[in-house]
>>> print(open('coords-v4.cif').read())   # mmCIF, C-alpha atoms
data_protein
loop_
_atom_site.group_PDB
_atom_site.id
_atom_site.type_symbol
_atom_site.label_atom_id
_atom_site.label_comp_id
_atom_site.auth_asym_id
_atom_site.auth_seq_id
_atom_site.Cartn_x
_atom_site.Cartn_y
_atom_site.Cartn_z
ATOM 1 C CA MET A 1 18.623 10.878 -34.183
ATOM 2 C CA ALA A 2 15.298 9.464 -35.300
ATOM 3 C CA THR A 3 11.622 10.180 -34.776
ATOM 4 C CA LEU A 4 9.206 7.842 -33.057
ATOM 5 C CA ASN A 5 5.586 8.746 -33.827
ATOM 6 C CA ALA A 6 3.202 7.686 -31.049
ATOM 7 C CA THR A 7 -0.591 7.848 -31.415
ATOM 8 C CA LEU A 8 -3.236 7.042 -28.806
ATOM 9 C CA SER A 9 -6.854 6.751 -29.962
ATOM 10 C CA LEU A 10 -9.804 6.022 -27.663
ATOM 11 C CA THR A 11 -13.312 5.572 -29.059
ATOM 12 C CA SER A 12 -16.434 4.071 -27.518
ATOM 13 C CA THR A 13 -20.187 4.595 -27.455
ATOM 14 C CA ASP A 14 -20.995 2.366 -24.463
ATOM 15 C CA VAL A 15 -18.058 2.502 -22.019
ATOM 16 C CA SER A 16 -19.668 5.447 -20.193
ATOM 17 C CA SER A 17 -22.777 7.637 -20.262
ATOM 18 C CA SER A 18 -21.062 9.867 -22.838
ATOM 19 C CA SER A 19 -19.469 8.852 -26.108
ATOM 20 C CA LEU A 20 -15.700 8.733 -26.100
ATOM 21 C CA SER A 21 -13.677 9.796 -29.128
ATOM 22 C CA PHE A 22 -10.257 11.424 -29.096
ATOM 23 C CA THR A 23 -6.781 10.963 -30.532
ATOM 24 C CA VAL A 24 -3.443 12.197 -29.179
ATOM 25 C CA THR A 25 -0.322 12.147 -31.366
ATOM 26 C CA ASP A 26 3.232 13.040 -30.420
ATOM 27 C CA ALA A 27 6.594 12.932 -32.194
ATOM 28 C CA LEU A 28 9.318 11.589 -29.904
ATOM 29 C CA ILE A 29 12.929 12.333 -30.840
ATOM 30 C CA VAL A 30 15.014 9.275 -29.971
ATOM 31 C CA GLY A 31 18.560 7.993 -30.329
ATOM 32 C CA THR A 32 20.888 5.304 -29.052
ATOM 33 C CA PRO A 33 20.953 3.082 -27.100
ATOM 34 C CA ASN A 34 17.841 1.307 -28.339
ATOM 35 C CA ILE A 35 16.537 -2.164 -29.108
ATOM 36 C CA GLY A 36 14.175 -2.883 -31.986
ATOM 37 C CA MET A 37 11.356 -5.422 -31.837
ATOM 38 C CA SER A 38 12.659 -8.376 -29.827
ATOM 39 C CA ARG A 39 11.379 -11.377 -27.931
ATOM 40 C CA GLU A 40 12.317 -12.455 -24.420
ATOM 41 C CA VAL A 41 11.104 -14.974 -21.835
ATOM 42 C CA ALA A 42 9.995 -13.529 -18.483
ATOM 43 C CA SER A 43 11.257 -15.992 -15.876
ATOM 44 C CA ILE A 44 9.161 -17.006 -12.837
ATOM 45 C CA THR A 45 12.093 -16.625 -10.424
ATOM 46 C CA THR A 46 14.903 -14.250 -11.418
ATOM 47 C CA PRO A 47 13.455 -11.102 -13.053
ATOM 48 C CA THR A 48 14.242 -10.702 -16.744
ATOM 49 C CA THR A 49 15.740 -7.288 -17.565
ATOM 50 C CA LEU A 50 14.093 -5.707 -20.592
ATOM 51 C CA VAL A 51 15.600 -2.215 -20.204
ATOM 52 C CA PRO A 52 18.959 -1.677 -18.454
ATOM 53 C CA ALA A 53 19.266 0.888 -15.666
ATOM 54 C CA THR A 54 21.306 3.439 -17.608
ATOM 55 C CA ALA A 55 21.255 7.185 -18.206
ATOM 56 C CA GLY A 56 18.575 8.606 -20.485
ATOM 57 C CA THR A 57 14.792 8.230 -20.330
ATOM 58 C CA LYS A 58 13.625 5.244 -22.387
ATOM 59 C CA TYR A 59 10.346 4.802 -24.255
ATOM 60 C CA CYS A 60 9.437 1.138 -23.751
ATOM 61 C CA TYR A 61 6.915 -1.102 -25.518
ATOM 62 C CA VAL A 62 6.041 -4.519 -24.002
ATOM 63 C CA LYS A 63 3.441 -7.062 -25.123
ATOM 64 C CA HIS A 64 2.419 -10.370 -23.501
ATOM 65 C CA LEU A 65 2.239 -12.804 -26.433
ATOM 66 C CA GLY A 66 0.069 -15.296 -24.537
ATOM 67 C CA LEU A 67 2.685 -18.022 -25.019
ATOM 68 C CA LYS A 68 4.819 -20.054 -22.642
ATOM 69 C CA ALA A 69 8.611 -20.123 -22.722
ATOM 70 C CA ASN A 70 8.653 -22.637 -25.599
ATOM 71 C CA GLY A 71 6.942 -20.063 -27.824
ATOM 72 C CA VAL A 72 4.228 -22.547 -28.812
ATOM 73 C CA SER A 73 2.057 -23.536 -25.823
ATOM 74 C CA THR A 74 -0.715 -21.140 -24.794
ATOM 75 C CA SER A 75 -0.178 -19.360 -21.468
ATOM 76 C CA ALA A 76 -2.848 -18.033 -19.105
ATOM 77 C CA ASN A 77 -0.313 -16.622 -16.611
ATOM 78 C CA ASN A 78 0.109 -12.907 -15.929
ATOM 79 C CA VAL A 79 3.417 -11.042 -16.142
ATOM 80 C CA ASN A 80 4.405 -8.474 -13.511
ATOM 81 C CA LEU A 81 6.423 -5.474 -14.708
ATOM 82 C CA GLN A 82 8.679 -3.343 -12.493
ATOM 83 C CA THR A 83 10.916 -0.312 -12.816
ATOM 84 C CA VAL A 84 14.052 -0.875 -10.793
ATOM 85 C CA THR A 85 17.406 0.654 -9.992
ATOM 86 C CA ALA A 86 18.640 -2.789 -8.974
ATOM 87 C CA ALA A 87 17.326 -6.297 -9.521
ATOM 88 C CA PRO A 88 13.983 -6.645 -7.667
ATOM 89 C CA VAL A 89 13.639 -9.385 -5.071
ATOM 90 C CA ARG A 90 10.854 -11.160 -3.230
ATOM 91 C CA GLN A 91 10.437 -10.557 0.474
ATOM 92 C CA VAL A 92 11.397 -13.496 2.730
ATOM 93 C CA GLN A 93 10.546 -13.565 6.430
ATOM 94 C CA THR A 94 10.528 -16.119 9.222
ATOM 95 C CA ILE A 95 8.232 -16.963 12.126
ATOM 96 C CA THR A 96 9.919 -18.726 15.049
ATOM 97 C CA PHE A 97 8.007 -21.063 17.379
ATOM 98 C CA THR A 98 10.180 -21.768 20.437
ATOM 99 C CA ASN A 99 8.164 -24.741 21.720
ATOM 100 C CA ASP A 100 6.253 -27.537 20.044
ATOM 101 C CA PRO A 101 2.463 -27.121 19.920
ATOM 102 C CA GLY A 102 0.462 -29.916 21.526
ATOM 103 C CA SER A 103 -3.033 -31.311 21.646
ATOM 104 C CA GLY A 104 -5.635 -28.557 21.844
ATOM 105 C CA ASP A 105 -3.268 -25.765 20.733
ATOM 106 C CA THR A 106 -4.229 -23.445 17.884
ATOM 107 C CA ILE A 107 -2.186 -21.122 15.688
ATOM 108 C CA THR A 108 -3.962 -18.179 14.056
ATOM 109 C CA PRO A 109 -2.041 -16.350 11.295
ATOM 110 C CA THR A 110 -2.859 -12.845 10.097
ATOM 111 C CA VAL A 111 -1.746 -11.728 6.621
ATOM 112 C CA ASP A 112 -1.807 -8.016 5.786
ATOM 113 C CA GLY A 113 -4.314 -7.396 8.573
ATOM 114 C CA VAL A 114 -6.690 -10.218 7.562
ATOM 115 C CA SER A 115 -7.084 -12.965 10.167
ATOM 116 C CA LEU A 116 -7.120 -16.477 8.701
ATOM 117 C CA ALA A 117 -8.860 -19.537 10.128
ATOM 118 C CA ALA A 118 -7.109 -20.995 13.171
ATOM 119 C CA VAL A 119 -4.888 -24.014 12.547
ATOM 120 C CA THR A 120 -5.499 -26.641 15.235
ATOM 121 C CA TYR A 121 -2.855 -29.144 16.348
ATOM 122 C CA THR A 122 -3.553 -32.266 14.309
ATOM 123 C CA THR A 123 -1.805 -35.653 14.604
ATOM 124 C CA SER A 124 1.756 -34.345 15.047
ATOM 125 C CA VAL A 125 3.915 -31.223 15.253
ATOM 126 C CA ASP A 126 5.109 -31.676 11.662
ATOM 127 C CA ASN A 127 1.585 -32.166 10.295
ATOM 128 C CA THR A 128 0.346 -29.097 12.186
ATOM 129 C CA PHE A 129 2.972 -26.922 10.521
ATOM 130 C CA VAL A 130 2.199 -28.485 7.147
ATOM 131 C CA LEU A 131 -1.376 -27.260 7.657
ATOM 132 C CA LEU A 132 -0.119 -23.811 8.663
ATOM 133 C CA ASN A 133 2.095 -23.656 5.557
ATOM 134 C CA ALA A 134 -0.858 -24.571 3.348
ATOM 135 C CA ALA A 135 -3.012 -21.832 4.889
ATOM 136 C CA LEU A 136 -0.312 -19.202 4.345
ATOM 137 C CA ALA A 137 0.621 -20.320 0.821
ATOM 138 C CA ALA A 138 -3.040 -20.113 -0.230
ATOM 139 C CA GLN A 139 -2.967 -16.314 0.183
ATOM 140 C CA PRO A 140 -2.578 -14.260 -3.033
ATOM 141 C CA GLY A 141 0.397 -12.304 -1.698
ATOM 142 C CA ILE A 142 2.394 -15.396 -0.665
ATOM 143 C CA LEU A 143 4.382 -17.630 -3.000
ATOM 144 C CA SER A 144 5.434 -20.347 -0.533
ATOM 145 C CA SER A 145 5.677 -21.304 3.134
ATOM 146 C CA THR A 146 7.962 -24.024 4.535
ATOM 147 C CA HIS A 147 9.146 -25.098 7.973
ATOM 148 C CA VAL A 148 12.062 -26.766 9.725
ATOM 149 C CA THR A 149 11.790 -28.206 13.261
ATOM 150 C CA THR A 150 14.854 -28.787 15.460
ATOM 151 C CA SER A 151 14.838 -29.616 19.193
ATOM 152 C CA GLY A 152 11.455 -28.079 19.910
ATOM 153 C CA THR A 153 12.004 -24.946 17.808
ATOM 154 C CA THR A 154 10.231 -24.563 14.465
ATOM 155 C CA ILE A 155 11.106 -21.871 11.965
ATOM 156 C CA VAL A 156 8.513 -21.132 9.289
ATOM 157 C CA THR A 157 9.918 -19.338 6.217
ATOM 158 C CA VAL A 158 7.441 -17.329 4.144
ATOM 159 C CA THR A 159 8.258 -15.967 0.671
ATOM 160 C CA SER A 160 6.039 -13.240 -0.796
ATOM 161 C CA ALA A 161 4.593 -13.758 -4.264
ATOM 162 C CA ASN A 162 5.243 -10.432 -5.966
ATOM 163 C CA LEU A 163 8.661 -8.873 -6.391
ATOM 164 C CA GLY A 164 8.881 -5.538 -4.647
ATOM 165 C CA ASP A 165 5.754 -6.100 -2.541
ATOM 166 C CA THR A 166 5.864 -6.310 1.258
ATOM 167 C CA THR A 167 3.652 -8.798 3.109
ATOM 168 C CA THR A 168 2.964 -8.324 6.832
ATOM 169 C CA ILE A 169 2.454 -11.528 8.819
ATOM 170 C CA ALA A 170 1.491 -11.867 12.481
ATOM 171 C CA VAL A 171 0.763 -14.995 14.501
ATOM 172 C CA THR A 172 -1.231 -15.561 17.697
ATOM 173 C CA THR A 173 -1.621 -18.792 19.637
ATOM 174 C CA ASP A 174 -4.385 -20.109 21.880
ATOM 175 C CA VAL A 175 -3.037 -22.709 24.283
ATOM 176 C CA THR A 176 -5.615 -25.045 25.784
ATOM 177 C CA GLY A 177 -3.226 -27.922 26.276
ATOM 178 C CA GLY A 178 0.329 -28.968 25.587
ATOM 179 C CA ALA A 179 3.377 -26.687 25.608
ATOM 180 C CA THR A 180 3.253 -22.902 25.425
ATOM 181 C CA VAL A 181 4.003 -21.616 21.927
ATOM 182 C CA ALA A 182 6.052 -18.420 21.733
ATOM 183 C CA THR A 183 6.339 -16.712 18.353
ATOM 184 C CA ALA A 184 8.412 -13.931 16.837
ATOM 185 C CA ALA A 185 7.258 -12.870 13.373
ATOM 186 C CA GLY A 186 9.349 -10.840 10.988
ATOM 187 C CA SER A 187 12.861 -11.920 11.971
ATOM 188 C CA GLY A 188 15.306 -13.097 9.322
ATOM 189 C CA ARG A 189 13.823 -10.776 6.746
ATOM 190 C CA VAL A 190 14.983 -10.237 3.186
ATOM 191 C CA GLU A 191 13.354 -6.950 2.248
ATOM 192 C CA ALA A 192 11.507 -6.598 -1.028
ATOM 193 C CA SER A 193 12.794 -4.183 -3.651
ATOM 194 C CA GLY A 194 11.622 -2.963 -7.051
ATOM 195 C CA ALA A 195 8.588 -0.812 -7.826
ATOM 196 C CA SER A 196 5.646 -2.614 -9.411
ATOM 197 C CA VAL A 197 4.352 -0.830 -12.511
ATOM 198 C CA ALA A 198 1.719 -3.012 -14.161
ATOM 199 C CA VAL A 199 0.374 -6.512 -14.681
ATOM 200 C CA LEU A 200 0.038 -7.754 -18.261
ATOM 201 C CA ARG A 201 -2.503 -10.441 -19.036
ATOM 202 C CA PRO A 202 -2.149 -12.590 -22.168
ATOM 203 C CA GLY A 203 -2.509 -10.428 -25.282
ATOM 204 C CA GLU A 204 -2.173 -7.093 -23.437
ATOM 205 C CA PHE A 205 0.549 -4.514 -24.128
ATOM 206 C CA LEU A 206 1.767 -1.149 -22.843
ATOM 207 C CA PHE A 207 3.932 1.757 -23.967
ATOM 208 C CA LEU A 208 5.474 3.921 -21.265
ATOM 209 C CA PRO A 209 8.549 5.994 -20.355
ATOM 210 C CA VAL A 210 11.189 4.569 -18.011
ATOM 211 C CA LYS A 211 13.062 7.332 -16.170
ATOM 212 C CA SER A 212 16.788 7.905 -16.559
ATOM 213 C CA GLY A 213 18.761 5.733 -14.166
ATOM 214 C CA GLU A 214 15.960 3.194 -13.851
ATOM 215 C CA GLY A 215 15.647 -0.171 -15.542
ATOM 216 C CA PHE A 216 12.595 -2.215 -16.490
ATOM 217 C CA SER A 217 12.128 -5.902 -15.728
ATOM 218 C CA ALA A 218 9.496 -8.624 -15.967
ATOM 219 C CA VAL A 219 8.633 -11.782 -14.039
ATOM 220 C CA SER A 220 5.933 -14.350 -14.816
ATOM 221 C CA ALA A 221 3.405 -15.886 -12.463
ATOM 222 C CA GLY A 222 3.643 -19.652 -12.103
ATOM 223 C CA VAL A 223 5.280 -22.428 -10.113
ATOM 224 C CA ALA A 224 7.485 -24.186 -12.702
ATOM 225 C CA SER A 225 10.086 -22.829 -15.112
ATOM 226 C CA ALA A 226 7.908 -23.945 -18.036
ATOM 227 C CA ASP A 227 5.239 -21.452 -16.861
ATOM 228 C CA ALA A 228 7.455 -18.526 -17.907
ATOM 229 C CA CYS A 229 5.832 -16.278 -20.520
ATOM 230 C CA MET A 230 7.059 -14.994 -23.875
ATOM 231 C CA LEU A 231 7.166 -11.214 -24.326
ATOM 232 C CA GLU A 232 7.637 -8.932 -27.319
ATOM 233 C CA TYR A 233 9.395 -5.691 -26.463
ATOM 234 C CA ALA A 234 11.427 -2.739 -27.706
ATOM 235 C CA TYR A 235 12.811 0.488 -26.300
ATOM 236 C CA TRP A 236 14.256 3.761 -27.546
ATOM 237 C CA THR A 237 16.238 6.414 -25.644
ATOM 238 C CA LYS A 238 14.897 9.967 -25.581
ATOM 239 C CA SER A 239 17.292 12.407 -27.223
ATOM 240 C CA VAL A 240 18.373 15.574 -25.412
ATOM 241 C CA GLU A 241 16.967 18.538 -27.312
#
>>> encode(input="coords-v4.cif", output="structure tokens")
Amino acid sequence: MATLNATLSLTSTDVSSSSLSFTVTDALIVGTPNIGMSREVASITTPTTLVPATAGTKYCYVKHLGLKANGVSTSANNVNLQTVTAAPVRQVQTITFTNDPGSGDTITPTVDGVSLAAVTYTTSVDNTFVLLNAALAAQPGILSSTHVTTSGTTIVTVTSANLGDTTTIAVTTDVTGGATVATAAGSGRVEASGASVAVLRPGEFLFLPVKSGEGFSAVSAGVASADACMLEYAYWTKSVE
């Protein structure tokens, strides 16, 4: 067994109407398994496991070093942290259009209850869905939107941005010309999993307990593998007293 001494001090004279000044110290009795100060890259796709989902509550320290995966270039991307019992995944859902839109048709998507600007048929069926994809992908909760058209049926596949977060998408159509557009949102779903804990910005850190049976993972914001961020981390297992 070993002792981990943790101290939290908060002082300020201008953060609120009253001065702030207090310190809390605790001695944490820890044992194996543990990992000392280490470095790891938080991928932008597959979550990087920092703490395995094993028995015993873990005390975990994580810091965003403000560096990209190469350990040299400066990074401005955030890192999302999750506690998980299994590897977290992004939600994937499809929207099926059973007929091609035509001249004068509009498609109005709604994301998490917020109605977006209507997408009007422009030039061709493919170009119209390119415009719809762009409108969806521009939303903070959506990572990407793509489409495939076959014999008058178009399937739009939407992938949510944050692991563990669920995005609700609905679609309405206004037909003033051309073929009727029937839609069915939410089919073909891959449900999100993994509980989001915190977002670390460059230079920020946290120290928190991870419950027994849960793991702790990290994933970087970004669109290319080079956008992955470098983390410093360590964890210690709480001893049974």
>>> closest_residue(input="coords-v4.cif", among="A:Ala69, A:Ala6, A:Val15, A:Leu20", to="Ala224 of chain A", atoms="all atoms listed in the file")
A:Ala69
>>> resolve_selection(input="coords-v4.cif", expression="the PyMOL selection byres ((chain A and resi 169) around 8)", output="VMD selection string")
chain A and resid 109 to 113 167 to 168 170 to 171 185 to 186
>>> resolve_selection(input="coords-v4.cif", expression="the PyMOL selection byres ((chain A and resi 27) around 9)", output="ChimeraX atom specification")
/A:3-7,25-26,28-29
>>> residues_around(input="coords-v4.cif", residues="Thr54 of chain A", least_positions_apart="6", cutoff="8 Å", atoms="only C-alpha atoms", output="NGL selection string")
:A and (212-215)
>>> atom_distance(input="coords-v4.cif", atom1="atom CA of Ser124 of chain A", atom2="atom CA of Val148 of chain A")
13.9 Å
>>> closest_residue(input="coords-v4.cif", among="A:Thr85, A:Ser225, A:Thr94, A:Ser145", to="Lys68 of chain A", atoms="all atoms listed in the file")
A:Ser225
>>> closest_residue(input="coords-v4.cif", among="A:Thr172, A:Ile95, A:Gly141, A:Thr122", to="Ile155 of chain A", atoms="all atoms listed in the file")
A:Ile95
>>> axis_aligned_box(input="coords-v4.cif", around="segment 152-161 of chain A", padding_each_side="8 Å", output="AutoDock Vina command-line options")
--center_x 8.3 --center_y -20.7 --center_z 7.8 --size_x 23.4 --size_y 30.8 --size_z 40.2
>>> atom_distance(input="coords-v4.cif", atom1="atom CA of Val119 of chain A", atom2="atom CA of Thr106 of chain A")
5.4 Å
>>> closest_residue(input="coords-v4.cif", among="A:Thr57, A:Thr150, A:Ser75, A:Thr173", to="Gly102 of chain A", atoms="only C-alpha atoms")
A:Thr173
